[in-house]
$ cat protein.txt   # compact mmCIF, C-alpha atoms
# COMPACT_ATOMS: atom_id res chain seq x y z
CA MET A 1 11.72 -65.90 3.96
CA MET A 2 15.23 -65.48 2.57
CA HIS A 3 14.13 -62.45 0.51
CA LEU A 4 12.48 -60.92 3.59
CA PHE A 5 15.65 -61.45 5.64
CA ILE A 6 17.77 -59.71 2.97
CA LEU A 7 15.32 -56.77 2.91
CA TRP A 8 15.58 -56.41 6.71
CA ALA A 9 19.36 -56.49 6.49
CA ILE A 10 19.35 -53.72 3.86
CA LEU A 11 17.00 -51.55 5.93
CA LEU A 12 18.68 -52.11 9.27
CA GLY A 13 22.30 -52.20 8.09
CA PRO A 14 22.87 -48.42 8.22
CA LEU A 15 21.50 -48.37 11.78
CA VAL A 16 24.00 -50.88 13.11
CA THR A 17 26.52 -48.46 14.61
CA VAL A 18 28.13 -48.05 17.99
CA LYS A 19 26.94 -45.25 20.21
CA ALA A 20 28.63 -41.91 19.50
CA ASP A 21 30.17 -39.85 22.31
CA SER A 22 28.53 -36.74 20.87
CA CYS A 23 27.97 -35.12 17.51
CA TYR A 24 30.56 -32.45 16.74
CA ALA A 25 28.72 -31.33 13.61
CA GLN A 26 25.68 -30.43 15.72
CA SER A 27 27.55 -28.66 18.52
CA SER A 28 26.33 -25.10 19.03
CA ASN A 29 29.42 -24.13 21.01
CA PRO A 30 32.45 -26.12 19.87
CA TYR A 31 35.82 -25.58 21.54
CA VAL A 32 37.87 -23.31 19.28
CA LEU A 33 40.82 -22.25 21.43
CA PHE A 34 43.50 -23.67 19.16
CA SER A 35 46.63 -21.93 20.45
CA THR A 36 48.26 -19.73 17.77
CA TYR A 37 45.84 -21.11 15.13
CA THR A 38 42.80 -19.81 17.00
CA PRO A 39 40.41 -17.96 14.66
CA TYR A 40 40.40 -14.26 15.52
CA GLU A 41 36.67 -14.17 14.87
CA PHE A 42 35.99 -15.97 18.16
CA VAL A 43 38.24 -14.06 20.56
CA HIS A 44 38.22 -10.36 19.66
CA GLY A 45 36.32 -7.53 21.31
CA ASN A 46 33.30 -6.16 19.44
CA ALA A 47 32.97 -2.64 20.82
CA GLU A 48 32.61 0.08 18.16
CA ASP A 49 31.44 3.08 20.19
CA PRO A 50 33.94 5.96 20.34
CA VAL A 51 36.19 5.91 23.39
CA TYR A 52 35.39 8.90 25.57
CA ILE A 53 37.55 9.99 28.49
CA PRO A 54 36.42 13.27 30.11
CA GLN A 55 38.99 16.08 29.78
CA CYS A 56 41.31 13.86 27.70
CA GLN A 57 41.96 13.49 23.98
CA PRO A 58 43.81 10.65 22.20
CA VAL A 59 46.91 11.89 20.35
CA GLN A 60 48.51 8.68 19.06
CA PHE A 61 47.28 5.19 18.17
CA TRP A 62 50.09 2.60 18.12
CA ILE A 63 49.38 -1.00 17.13
CA LEU A 64 51.37 -4.20 16.75
CA SER A 65 49.39 -6.82 14.88
CA ARG A 66 50.10 -10.37 13.89
CA HIS A 67 49.16 -11.28 10.34
CA GLY A 68 45.65 -12.58 9.75
CA THR A 69 44.70 -16.20 9.15
CA ARG A 70 47.17 -17.93 6.84
CA TYR A 71 47.43 -21.23 5.04
CA THR A 72 49.55 -23.97 6.58
CA ASP A 73 53.16 -24.51 5.56
CA ALA A 74 54.41 -26.93 2.90
CA ILE A 75 54.71 -29.79 5.38
CA GLY A 76 51.18 -29.17 6.61
CA ILE A 77 49.82 -29.21 3.07
CA ASN A 78 51.53 -32.56 2.42
CA ASP A 79 50.10 -33.84 5.71
CA MET A 80 46.63 -32.77 4.66
CA TRP A 81 46.84 -34.80 1.46
CA SER A 82 48.25 -37.77 3.37
CA LEU A 83 45.13 -37.80 5.57
CA ILE A 84 43.05 -39.15 2.69
CA CYS A 85 44.29 -42.68 3.47
CA LEU A 86 43.62 -42.24 7.19
CA ARG A 87 40.15 -40.90 6.40
CA ASP A 88 39.38 -44.01 4.38
CA GLU A 89 40.59 -46.26 7.22
CA ILE A 90 38.31 -44.46 9.68
CA ILE A 91 35.30 -44.85 7.40
CA THR A 92 36.05 -48.56 7.05
CA ASN A 93 36.27 -48.86 10.84
CA ILE A 94 32.86 -47.24 11.25
CA LYS A 95 31.35 -49.51 8.56
CA ASN A 96 32.67 -52.47 10.52
CA GLY A 97 30.86 -51.33 13.65
CA ARG A 98 33.84 -49.80 15.45
CA GLY A 99 34.31 -46.25 16.62
CA ARG A 100 32.12 -43.62 18.28
CA LEU A 101 31.43 -41.00 15.62
CA CYS A 102 27.87 -39.90 14.90
CA ALA A 103 26.42 -40.38 11.43
CA GLN A 104 26.73 -36.70 10.50
CA ASP A 105 30.40 -36.53 11.51
CA VAL A 106 31.06 -39.68 9.46
CA ASP A 107 29.22 -38.20 6.48
CA ASN A 108 31.29 -34.99 6.73
CA LEU A 109 34.44 -37.07 6.83
CA LYS A 110 33.35 -38.99 3.72
CA LYS A 111 32.83 -35.72 1.83
CA TRP A 112 36.11 -34.20 2.97
CA THR A 113 38.84 -33.39 0.47
CA PRO A 114 42.04 -31.32 0.91
CA GLN A 115 41.47 -27.65 0.17
CA VAL A 116 44.98 -26.29 -0.36
CA VAL A 117 47.83 -26.69 -2.86
CA GLN A 118 51.53 -26.02 -2.33
CA THR A 119 51.51 -22.65 -4.11
CA LEU A 120 49.41 -21.20 -1.26
CA SER A 121 51.81 -22.29 1.49
CA MET A 122 51.98 -19.71 4.34
CA ASN A 123 49.97 -17.12 2.36
CA LEU A 124 47.18 -14.99 3.78
CA THR A 125 43.68 -16.46 3.34
CA PRO A 126 40.50 -14.55 2.43
CA GLN A 127 39.48 -14.85 6.09
CA GLY A 128 42.85 -13.35 7.04
CA TYR A 129 42.07 -10.28 4.95
CA LYS A 130 38.69 -9.95 6.69
CA ASP A 131 40.35 -10.29 10.10
CA ALA A 132 42.51 -7.21 9.55
CA TYR A 133 39.99 -5.16 7.56
CA ASN A 134 37.21 -5.55 10.12
CA MET A 135 39.58 -4.92 13.01
CA ALA A 136 40.68 -1.66 11.40
CA GLN A 137 37.08 -0.59 10.88
CA ARG A 138 36.26 -1.16 14.54
CA PHE A 139 39.34 0.74 15.75
CA LYS A 140 38.47 3.58 13.35
CA SER A 141 35.02 3.79 14.98
CA ARG A 142 36.54 3.75 18.46
CA PHE A 143 39.15 6.46 17.79
CA PRO A 144 37.66 8.66 15.03
CA THR A 145 39.69 11.79 15.84
CA LEU A 146 42.89 9.85 15.14
CA LEU A 147 41.93 7.29 12.51
CA ASN A 148 39.03 8.85 10.61
CA GLN A 149 41.10 11.34 8.68
CA SER A 150 42.75 11.49 5.28
CA TYR A 151 46.12 9.85 4.84
CA SER A 152 49.34 11.83 4.76
CA PRO A 153 52.83 10.44 5.42
CA ASP A 154 53.43 12.74 8.37
CA LYS A 155 50.23 11.53 10.07
CA PHE A 156 50.55 7.76 9.58
CA GLU A 157 53.42 5.31 9.61
CA VAL A 158 53.17 1.72 8.32
CA ARG A 159 55.73 -1.07 8.67
CA PHE A 160 55.56 -4.81 8.01
CA THR A 161 57.91 -7.76 7.73
CA ASN A 162 59.20 -9.29 4.54
CA THR A 163 56.42 -11.87 4.00
CA GLN A 164 53.32 -12.06 1.82
CA ARG A 165 51.02 -12.62 4.80
CA THR A 166 52.12 -9.56 6.80
CA THR A 167 52.25 -7.39 3.67
CA LEU A 168 48.67 -8.25 2.69
CA THR A 169 47.51 -7.94 6.30
CA SER A 170 48.84 -4.39 6.33
CA PHE A 171 47.02 -3.70 3.04
CA ALA A 172 43.78 -5.02 4.52
CA PHE A 173 44.18 -2.87 7.65
CA ILE A 174 44.96 0.21 5.55
CA ASP A 175 41.91 -0.52 3.37
CA GLY A 176 39.84 -0.63 6.56
CA ILE A 177 41.19 2.74 7.74
CA PHE A 178 41.51 4.73 4.49
CA GLY A 179 39.41 2.76 1.99
CA SER A 180 42.40 2.11 -0.28
CA THR A 181 46.17 1.67 -0.30
CA ALA A 182 46.46 3.75 -3.48
CA HIS A 183 48.02 6.87 -1.93
CA VAL A 184 49.62 5.31 1.13
CA ILE A 185 53.42 5.26 1.26
CA LEU A 186 54.46 1.70 2.03
CA PRO A 187 58.13 1.21 2.89
CA LYS A 188 60.15 -1.68 1.53
CA PRO A 189 60.23 -4.32 4.30
CA ILE A 190 63.56 -5.00 5.97
CA SER A 191 64.92 -8.53 5.94
CA ASP A 192 65.29 -9.73 9.57
CA ASP A 193 63.89 -6.42 10.81
CA PRO A 194 65.38 -5.81 14.31
CA VAL A 195 62.24 -3.96 15.43
CA LEU A 196 59.45 -6.10 14.01
CA ARG A 197 61.24 -9.44 13.91
CA PRO A 198 63.94 -9.59 16.59
CA SER A 199 63.51 -13.38 16.64
CA ASN A 200 65.09 -13.50 13.18
CA TYR A 201 67.60 -10.75 13.85
CA CYS A 202 69.08 -12.01 17.13
CA ASP A 203 71.53 -14.88 16.52
CA ASP A 204 72.37 -15.17 20.22
CA TRP A 205 68.70 -15.79 21.05
CA LYS A 206 68.49 -18.42 18.32
CA ASN A 207 71.47 -20.30 19.79
CA VAL A 208 70.57 -19.95 23.46
CA VAL A 209 66.80 -20.39 23.25
CA ARG A 210 65.28 -21.34 19.90
CA ASP A 211 67.74 -24.06 18.88
CA ASN A 212 68.60 -25.25 22.39
CA PRO A 213 67.24 -28.79 23.09
CA ASP A 214 66.68 -27.80 26.73
CA THR A 215 64.05 -25.30 25.59
CA THR A 216 61.73 -28.09 24.46
CA LYS A 217 62.35 -30.39 27.44
CA GLU A 218 59.04 -29.69 29.23
CA TYR A 219 57.10 -29.80 25.97
CA SER A 220 58.68 -33.10 24.92
CA THR A 221 58.08 -34.67 28.32
CA PHE A 222 54.42 -33.65 28.31
CA LYS A 223 54.03 -34.97 24.76
CA LYS A 224 55.05 -38.43 26.03
CA GLY A 225 53.25 -38.16 29.36
CA PRO A 226 50.06 -39.69 30.78
CA GLU A 227 47.69 -36.90 29.65
CA MET A 228 48.78 -37.26 26.03
CA ASN A 229 48.65 -41.06 26.21
CA VAL A 230 45.03 -40.83 27.34
CA VAL A 231 44.26 -38.50 24.42
CA ILE A 232 45.87 -40.84 21.91
CA GLN A 233 44.02 -43.89 23.25
CA SER A 234 40.67 -42.11 23.44
CA VAL A 235 40.95 -40.67 19.92
CA SER A 236 42.00 -44.09 18.60
CA ASN A 237 38.91 -45.68 20.15
CA ARG A 238 36.62 -42.94 18.89
CA LEU A 239 37.87 -43.46 15.35
CA GLY A 240 37.48 -47.24 15.55
CA PHE A 241 41.11 -48.37 15.65
CA THR A 242 41.90 -51.53 17.59
CA SER A 243 45.38 -50.25 18.44
CA SER A 244 46.66 -46.77 19.21
CA ILE A 245 47.24 -44.41 16.33
CA SER A 246 50.64 -42.73 16.10
CA TYR A 247 51.32 -39.35 17.65
CA ASP A 248 52.20 -38.17 14.15
CA ASN A 249 48.70 -38.97 12.84
CA LEU A 250 47.11 -37.41 15.92
CA SER A 251 49.12 -34.25 15.32
CA LYS A 252 48.14 -34.11 11.64
CA MET A 253 44.43 -34.37 12.47
CA TYR A 254 44.72 -31.69 15.16
CA THR A 255 46.60 -29.32 12.84
CA ILE A 256 44.14 -29.69 9.97
CA CYS A 257 41.17 -29.37 12.35
CA ARG A 258 42.57 -26.05 13.57
CA PHE A 259 43.48 -24.64 10.19
CA GLU A 260 40.20 -25.58 8.51
CA LYS A 261 38.19 -23.93 11.27
CA ALA A 262 40.31 -20.78 10.95
CA TRP A 263 39.92 -20.73 7.15
CA HIS A 264 36.13 -21.19 7.28
CA VAL A 265 34.83 -19.86 10.59
CA ASP A 266 31.20 -20.66 9.76
CA SER A 267 31.90 -24.24 8.74
CA VAL A 268 32.81 -27.47 10.50
CA SER A 269 36.07 -29.31 9.99
CA PRO A 270 35.26 -33.04 10.16
CA TRP A 271 38.70 -33.65 11.68
CA CYS A 272 37.71 -31.75 14.82
CA ALA A 273 35.16 -34.51 15.48
CA ALA A 274 38.08 -36.76 16.37
CA PHE A 275 38.56 -34.86 19.65
CA SER A 276 36.54 -34.16 22.77
CA GLU A 277 36.74 -30.74 24.43
CA ASP A 278 38.91 -32.11 27.23
CA GLU A 279 41.31 -33.60 24.70
CA LEU A 280 41.53 -30.32 22.82
CA LYS A 281 42.45 -28.60 26.08
CA VAL A 282 45.31 -31.05 26.63
CA LEU A 283 46.58 -30.38 23.12
CA GLU A 284 46.24 -26.64 23.70
CA TYR A 285 48.36 -26.91 26.85
CA LYS A 286 51.02 -28.77 24.88
CA GLU A 287 51.24 -25.82 22.49
CA ASP A 288 51.31 -23.34 25.36
CA LEU A 289 54.20 -25.22 26.99
CA SER A 290 56.21 -24.93 23.79
CA ALA A 291 55.60 -21.19 23.45
CA TYR A 292 56.19 -20.54 27.17
CA TYR A 293 59.79 -21.69 26.98
CA LYS A 294 60.56 -20.57 23.43
CA HIS A 295 59.03 -17.08 23.54
CA GLY A 296 57.62 -16.54 27.04
CA TYR A 297 58.61 -16.55 30.68
CA GLY A 298 60.46 -19.86 30.49
CA SER A 299 63.67 -18.07 29.47
CA ASP A 300 64.99 -14.77 30.84
CA LEU A 301 66.49 -13.94 27.44
CA ASN A 302 63.02 -13.73 25.87
CA LYS A 303 62.18 -10.58 27.82
CA LYS A 304 65.47 -9.04 26.73
CA VAL A 305 64.85 -9.74 23.03
CA GLY A 306 61.24 -8.59 23.14
CA CYS A 307 62.04 -5.14 24.52
CA VAL A 308 62.51 -3.37 21.16
CA LEU A 309 58.83 -2.83 20.45
CA VAL A 310 58.16 -1.82 24.06
CA LYS A 311 60.86 0.82 23.70
CA ASP A 312 59.33 1.96 20.41
CA PHE A 313 55.95 2.99 21.78
CA LEU A 314 57.40 4.32 25.06
CA ASP A 315 59.87 6.54 23.21
CA ARG A 316 57.13 7.82 20.92
CA PHE A 317 54.88 8.64 23.87
CA SER A 318 57.78 10.42 25.64
CA LYS A 319 58.28 12.60 22.57
CA LEU A 320 54.60 13.51 22.60
CA GLU A 321 54.86 14.38 26.28
CA ASN A 322 57.74 16.72 25.41
CA GLY A 323 55.77 18.43 22.67
CA GLU A 324 57.52 16.78 19.71
CA ASN A 325 55.63 15.84 16.57
CA GLN A 326 54.55 12.25 16.09
CA PRO A 327 52.19 10.46 13.69
CA ALA A 328 48.56 10.06 14.70
CA GLY A 329 48.81 6.36 13.80
CA VAL A 330 51.65 3.85 13.86
CA PHE A 331 50.76 0.49 12.31
CA TYR A 332 53.14 -2.47 12.70
CA PHE A 333 52.57 -5.99 11.32
CA SER A 334 54.59 -8.97 12.51
CA HIS A 335 54.32 -12.58 13.71
CA ASP A 336 53.20 -14.59 16.74
CA THR A 337 56.77 -15.35 17.92
CA ASP A 338 57.68 -11.67 18.11
CA MET A 339 54.35 -10.72 19.68
CA GLN A 340 54.92 -13.28 22.41
CA LEU A 341 58.42 -11.92 23.05
CA PHE A 342 56.94 -8.40 23.19
CA LEU A 343 54.17 -9.39 25.62
CA THR A 344 56.75 -11.13 27.80
CA SER A 345 58.78 -7.91 27.98
CA LEU A 346 55.62 -6.11 29.10
CA GLY A 347 54.89 -8.74 31.75
CA VAL A 348 51.47 -9.52 30.26
CA ALA A 349 49.86 -12.86 31.25
CA LYS A 350 52.59 -13.81 33.70
CA ASP A 351 51.51 -16.64 35.99
CA SER A 352 52.71 -16.94 39.57
CA GLU A 353 53.45 -20.60 38.89
CA THR A 354 55.75 -21.90 36.17
CA LEU A 355 54.19 -24.03 33.44
CA THR A 356 55.67 -27.54 33.45
CA HIS A 357 54.89 -30.98 32.07
CA SER A 358 53.52 -32.09 35.45
CA ASN A 359 51.11 -29.32 36.45
CA TYR A 360 48.54 -29.34 33.65
CA LYS A 361 45.58 -29.68 36.03
CA SER A 362 46.62 -26.87 38.35
CA MET A 363 47.27 -24.57 35.36
CA GLU A 364 43.88 -24.99 33.69
CA ASN A 365 43.10 -21.33 34.49
CA ARG A 366 46.55 -20.08 33.50
CA LEU A 367 47.14 -16.58 32.17
CA TRP A 368 49.69 -17.76 29.58
CA ARG A 369 47.21 -18.96 26.99
CA THR A 370 48.39 -18.47 23.43
CA SER A 371 44.84 -18.91 22.13
CA LEU A 372 43.99 -15.58 23.76
CA LEU A 373 47.39 -13.90 23.53
CA THR A 374 48.42 -14.57 19.93
CA PRO A 375 45.59 -16.01 17.81
CA PHE A 376 45.55 -15.22 14.12
CA ALA A 377 45.42 -11.41 13.68
CA ALA A 378 46.37 -10.90 17.34
CA ASN A 379 46.93 -7.24 18.14
CA PHE A 380 48.20 -5.04 20.92
CA ALA A 381 47.21 -1.38 20.73
CA ALA A 382 48.59 1.42 22.91
CA VAL A 383 46.78 4.76 22.80
CA PHE A 384 48.34 7.91 24.26
CA PHE A 385 46.04 10.61 25.67
CA LYS A 386 46.70 14.25 26.51
CA CYS A 387 44.55 15.51 29.36
CA ASP A 388 43.72 18.87 30.89
CA GLY A 389 46.15 20.18 33.47
CA GLY A 390 49.23 18.91 31.64
CA ARG A 391 48.54 15.26 32.44
CA PHE A 392 48.88 12.25 30.16
CA GLY A 393 47.35 8.79 30.15
CA VAL A 394 47.52 5.51 28.25
CA GLN A 395 45.11 2.78 27.26
CA PHE A 396 46.18 -0.71 26.23
CA TYR A 397 44.07 -3.09 24.15
CA LEU A 398 44.67 -6.77 23.49
CA GLN A 399 42.47 -8.26 20.76
CA GLU A 400 40.43 -5.00 20.95
CA GLN A 401 39.64 -5.57 24.62
CA LEU A 402 40.81 -3.12 27.28
CA LEU A 403 43.88 -4.56 28.99
CA ARG A 404 44.36 -3.70 32.65
CA ILE A 405 48.01 -3.40 33.64
CA ASP A 406 48.92 -4.07 37.27
CA GLY A 407 50.05 -0.98 39.15
CA CYS A 408 48.63 1.67 36.83
CA GLU A 409 45.37 2.60 38.52
CA SER A 410 44.55 6.31 38.30
CA ASP A 411 41.79 8.88 38.71
CA LEU A 412 41.53 9.18 34.92
CA GLY A 413 38.80 6.57 34.50
CA ASP A 414 39.86 3.84 32.07
CA LEU A 415 43.22 5.51 31.50
CA CYS A 416 46.44 4.40 33.07
CA ASP A 417 48.49 7.32 34.36
CA TRP A 418 51.49 7.94 32.09
CA ALA A 419 53.73 8.52 35.11
CA ALA A 420 52.89 5.03 36.38
CA ILE A 421 53.68 3.53 32.97
CA LYS A 422 57.06 5.27 32.86
CA LYS A 423 57.83 3.99 36.34
CA LYS A 424 56.77 0.44 35.49
CA TYR A 425 58.46 0.14 32.09
CA GLY A 426 61.12 2.83 32.14
CA SER A 427 63.90 0.35 32.83
CA VAL A 428 62.74 -1.86 29.93
CA SER A 429 63.16 1.07 27.56
CA GLN A 430 66.40 2.41 29.07
CA ASN A 431 68.12 -0.99 29.14
CA CYS A 432 66.88 -2.23 25.76
CA ASP A 433 69.91 -3.04 23.66
CA LEU A 434 70.24 -5.82 21.10
CA SER A 435 73.96 -5.35 20.56
CA PHE A 436 74.52 -8.72 22.28
CA CYS A 437 72.73 -10.40 19.38

$ encode --input "protein.txt" --output "structure tokens"
Amino acid sequence: MMHLFILWAILLGPLVTVKADSCYAQSSNPYVLFSTYTPYEFVHGNAEDPVYIPQCQPVQFWILSRHGTRYTDAIGINDMWSLICLRDEIITNIKNGRGRLCAQDVDNLKKWTPQVVQTLSMNLTPQGYKDAYNMAQRFKSRFPTLLNQSYSPDKFEVRFTNTQRTTLTSFAFIDGIFGSTAHVILPKPISDDPVLRPSNYCDDWKNVVRDNPDTTKEYSTFKKGPEMNVVIQSVSNRLGFTSSISYDNLSKMYTICRFEKAWHVDSVSPWCAAFSEDELKVLEYKEDLSAYYKHGYGSDLNKKVGCVLVKDFLDRFSKLENGENQPAGVFYFSHDTDMQLFLTSLGVAKDSETLTHSNYKSMENRLWRTSLLTPFAANFAAVFFKCDGGRFGVQFYLQEQLLRIDGCESDLGDLCDWAAIKKKYGSVSQNCDLSFC
């Protein structure tokens, strides 16, 4: 009888587990809106058919792109390696009958090992190269008269910031347009470029906004608030801990979950199994709160700093209107901070209600959503059209999807009338001056 009892225990032991909430590894539609670490693969437009506007021809393609998917920073890499101990604790919890992870999520966690070393810190990933290359190919298909032509320095202008990730993103985009960077003139990047990286250039903005403790007040309050406390408690229970895990450990798991999904879009990060969809939305809002006050509508100075790139494309389009020569393509490569400042200057994704620590529920359908505004490889394209009868029009694209700007309806189909654009943004261009920096 004793031998029979031992056999039963061996057979039934693996089945003695608590009921799982769900199985992340088997989810066909996992939540992947991860703020600025959102994989571009899941949020971009897929259209490749040539853009056709009757009686109009595109004459300039202007794009501002964030770098593609990158590796985490040095701190994040250290955090990833430190999660080995936490991983082992979670597995022990599950073995002891605590927690609510399914068997497949537990097995994925057991097999998990860190994938990055310090030498790769902040560098572009293979997926990041694909992000930019494929994006360029699609834009080339959409605007063949502009982009499907041989390179010459008078036809195309390229500019990127002084980092490995933006440099290689520009190479990938150029490869997608021209097939090679071999004959393309690539300028030496400017340190603290006032056009592409005003956030580094403007000392006044750093003092008043970036380094000001008041800027993070709403973010910090939300981080300690009831929604986050519920997330911490729920995640702790799911992972089998008898007391709440630290916010620091929660943050590490969330960061690695996001990065691993961005690095390998077709794979599952076992750390994402720690969170439910509702919990991921709370964490996403936390990130949006931070960006809203640092780079968005939470500070009036952000619009003032972000005007430089708005002025750039408006001035170029004005020159085309006046018959002056301009390149067919202008390709800029920068960072999420500067893209958010730029979009704020344009008034894109401006909510009627201010984001605060206390209105998470009412802002669930907010416009200011960094997952959709500045994911990895985020891009804003402005295309200038010359039409019959001496008229001009503009199209805007965000993540390769047509962006409708309030107040620019016209009889030119999907084009926004250039006169309406000048009226809407003329003051932004005329008053843009970073001398206060």

$ atom_distance --input "protein.txt" --atom1 "CA of Leu280 (chain A)" --atom2 "CA of Leu343 (chain A)"
24.6 Å

$ closest_atom_pairs --input "protein.txt" --of "region 241-342 of chain A" --to "region 417-429 of chain A" --cutoff "8 Å" --atoms "only C-alpha atoms" --output "CSV"
residue,atom,partner,partner_atom,distance
A:Cys307,CA,A:Val428,CA,6.4
A:Val308,CA,A:Ser429,CA,7.8
A:Val310,CA,A:Ser429,CA,6.8
A:Lys311,CA,A:Ser429,CA,4.5
A:Leu314,CA,A:Ser429,CA,7.1
A:Asp315,CA,A:Ser429,CA,7.7

$ residues_around --input "protein.txt" --residues "Tyr285 (chain A)" --least-positions-apart "3" --cutoff "12 Å" --atoms "only C-alpha atoms" --output "MDAnalysis selection string"
chainID A and resid 33:36 218:219 222:223 227:228 278:282 288:292 355:371

$ closest_residue --input "protein.txt" --among "A:Leu372, A:Ile185, A:Leu196, A:Val51" --to "Glu284 (chain A)" --atoms "only C-alpha atoms"
A:Leu372

$ closest_residue --input "protein.txt" --among "A:Asn46, A:Thr181, A:Ser435, A:Thr167" --to "Tyr129 (chain A)" --atoms "all atoms listed in the file"
A:Thr167

$ residues_near_point --input "protein.txt" --point "(43.7, -50.5, 15.7)" --cutoff "12 Å" --atoms "all atoms listed in the file" --output "list in words"
Leu86, Glu89, Ile90, Thr92, Asn93, Arg98, Gly99, Ile232, Gln233, Ser234, Val235, Ser236, Asn237, Arg238, Leu239, Gly240, Phe241, Thr242, Ser243, Ser244, Ile245 and Ser246 of chain A

$ write_last_selection --input "protein.txt" --atoms "C-alpha atoms" --output "mmCIF file, in the frame of the given file"
data_model
loop_
_atom_site.group_PDB
_atom_site.id
_atom_site.type_symbol
_atom_site.label_atom_id
_atom_site.label_comp_id
_atom_site.auth_asym_id
_atom_site.auth_seq_id
_atom_site.Cartn_x
_atom_site.Cartn_y
_atom_site.Cartn_z
ATOM 1 C CA LEU A 86 43.620 -42.240 7.190
ATOM 2 C CA GLU A 89 40.590 -46.260 7.220
ATOM 3 C CA ILE A 90 38.310 -44.460 9.680
ATOM 4 C CA THR A 92 36.050 -48.560 7.050
ATOM 5 C CA ASN A 93 36.270 -48.860 10.840
ATOM 6 C CA ARG A 98 33.840 -49.800 15.450
ATOM 7 C CA GLY A 99 34.310 -46.250 16.620
ATOM 8 C CA ILE A 232 45.870 -40.840 21.910
ATOM 9 C CA GLN A 233 44.020 -43.890 23.250
ATOM 10 C CA SER A 234 40.670 -42.110 23.440
ATOM 11 C CA VAL A 235 40.950 -40.670 19.920
ATOM 12 C CA SER A 236 42.000 -44.090 18.600
ATOM 13 C CA ASN A 237 38.910 -45.680 20.150
ATOM 14 C CA ARG A 238 36.620 -42.940 18.890
ATOM 15 C CA LEU A 239 37.870 -43.460 15.350
ATOM 16 C CA GLY A 240 37.480 -47.240 15.550
ATOM 17 C CA PHE A 241 41.110 -48.370 15.650
ATOM 18 C CA THR A 242 41.900 -51.530 17.590
ATOM 19 C CA SER A 243 45.380 -50.250 18.440
ATOM 20 C CA SER A 244 46.660 -46.770 19.210
ATOM 21 C CA ILE A 245 47.240 -44.410 16.330
ATOM 22 C CA SER A 246 50.640 -42.730 16.100
#

$ closest_atom_pairs --input "protein.txt" --of "region 20-60 of chain A" --to "region 247-264 of chain A" --cutoff "12 Å" --atoms "all atoms listed in the file" --output "tab-separated table"
residue	atom	partner	partner_atom	distance
A:Tyr24	CA	A:Cys257	CA	11.9
A:Pro30	CA	A:Lys261	CA	10.6
A:Tyr31	CA	A:Arg258	CA	10.5
A:Val32	CA	A:Arg258	CA	7.9
A:Leu33	CA	A:Arg258	CA	8.9
A:Phe34	CA	A:Arg258	CA	6.1
A:Ser35	CA	A:Arg258	CA	9.0
A:Thr36	CA	A:Arg258	CA	9.5
A:Tyr37	CA	A:Arg258	CA	6.1
A:Thr38	CA	A:Ala262	CA	6.6
A:Pro39	CA	A:Ala262	CA	4.7
A:Tyr40	CA	A:Ala262	CA	8.0
A:Glu41	CA	A:Ala262	CA	8.5
A:Phe42	CA	A:Ala262	CA	9.7
A:Val43	CA	A:Ala262	CA	11.9

$ residues_around --input "protein.txt" --residues "Thr169 (chain A)" --least-positions-apart "3" --cutoff "9 Å" --atoms "only C-alpha atoms" --output "number ranges by chain"
A: 65-68, 124, 128-129, 131-133, 160, 164-166, 172-174, 333, 377

$ residues_around --input "protein.txt" --residues "region 202-212 of chain A" --least-positions-apart "4" --cutoff "8 Å" --atoms "all atoms listed in the file" --output "list in words"
Pro194, Pro198, Thr216, Lys294, Ser299, Leu301, Asn302, Val305, Leu434, Phe436 and Cys437 of chain A

$ atom_distance --input "protein.txt" --atom1 "CA of Val106 (chain A)" --atom2 "CA of Val268 (chain A)"
12.4 Å

$ closest_atom_pairs --input "protein.txt" --of "region 107-139 of chain A" --to "region 397-416 of chain A" --cutoff "12 Å" --atoms "all atoms listed in the file" --output "CSV"
residue,atom,partner,partner_atom,distance
A:Asp131,CA,A:Gln399,CA,11.1
A:Ala132,CA,A:Gln399,CA,11.3
A:Asn134,CA,A:Glu400,CA,11.3
A:Met135,CA,A:Glu400,CA,8.0
A:Ala136,CA,A:Glu400,CA,10.1
A:Gln137,CA,A:Glu400,CA,11.5
A:Arg138,CA,A:Glu400,CA,8.6
A:Phe139,CA,A:Glu400,CA,7.8

$ closest_residue --input "protein.txt" --among "A:Ile190, A:Ile77, A:Leu283, A:Ile91" --to "Val230 (chain A)" --atoms "all atoms listed in the file"
A:Leu283

$ atom_distance --input "protein.txt" --atom1 "CA of Phe396 (chain A)" --atom2 "CA of Tyr151 (chain A)"
23.9 Å

$ closest_residue --input "protein.txt" --among "A:Phe385, A:Asp175, A:Val184, A:Tyr71" --to "Tyr52 (chain A)" --atoms "all atoms listed in the file"
A:Phe385

$ closest_residue --input "protein.txt" --among "A:Phe156, A:Pro226, A:Met80, A:Gly298" --to "Glu353 (chain A)" --atoms "only C-alpha atoms"
A:Gly298

$ closest_residue --input "protein.txt" --among "A:Gln326, A:Phe331, A:Val265, A:Asp73" --to "Pro187 (chain A)" --atoms "all atoms listed in the file"
A:Phe331

$ residues_around --input "protein.txt" --residues "Ile63 (chain A)" --least-positions-apart "2" --cutoff "7 Å" --atoms "all atoms listed in the file" --output "list of chain:residue names"
A:Phe61, A:Ser65, A:Val330, A:Phe331, A:Tyr332, A:Asn379, A:Phe380, A:Ala381, A:Ala382
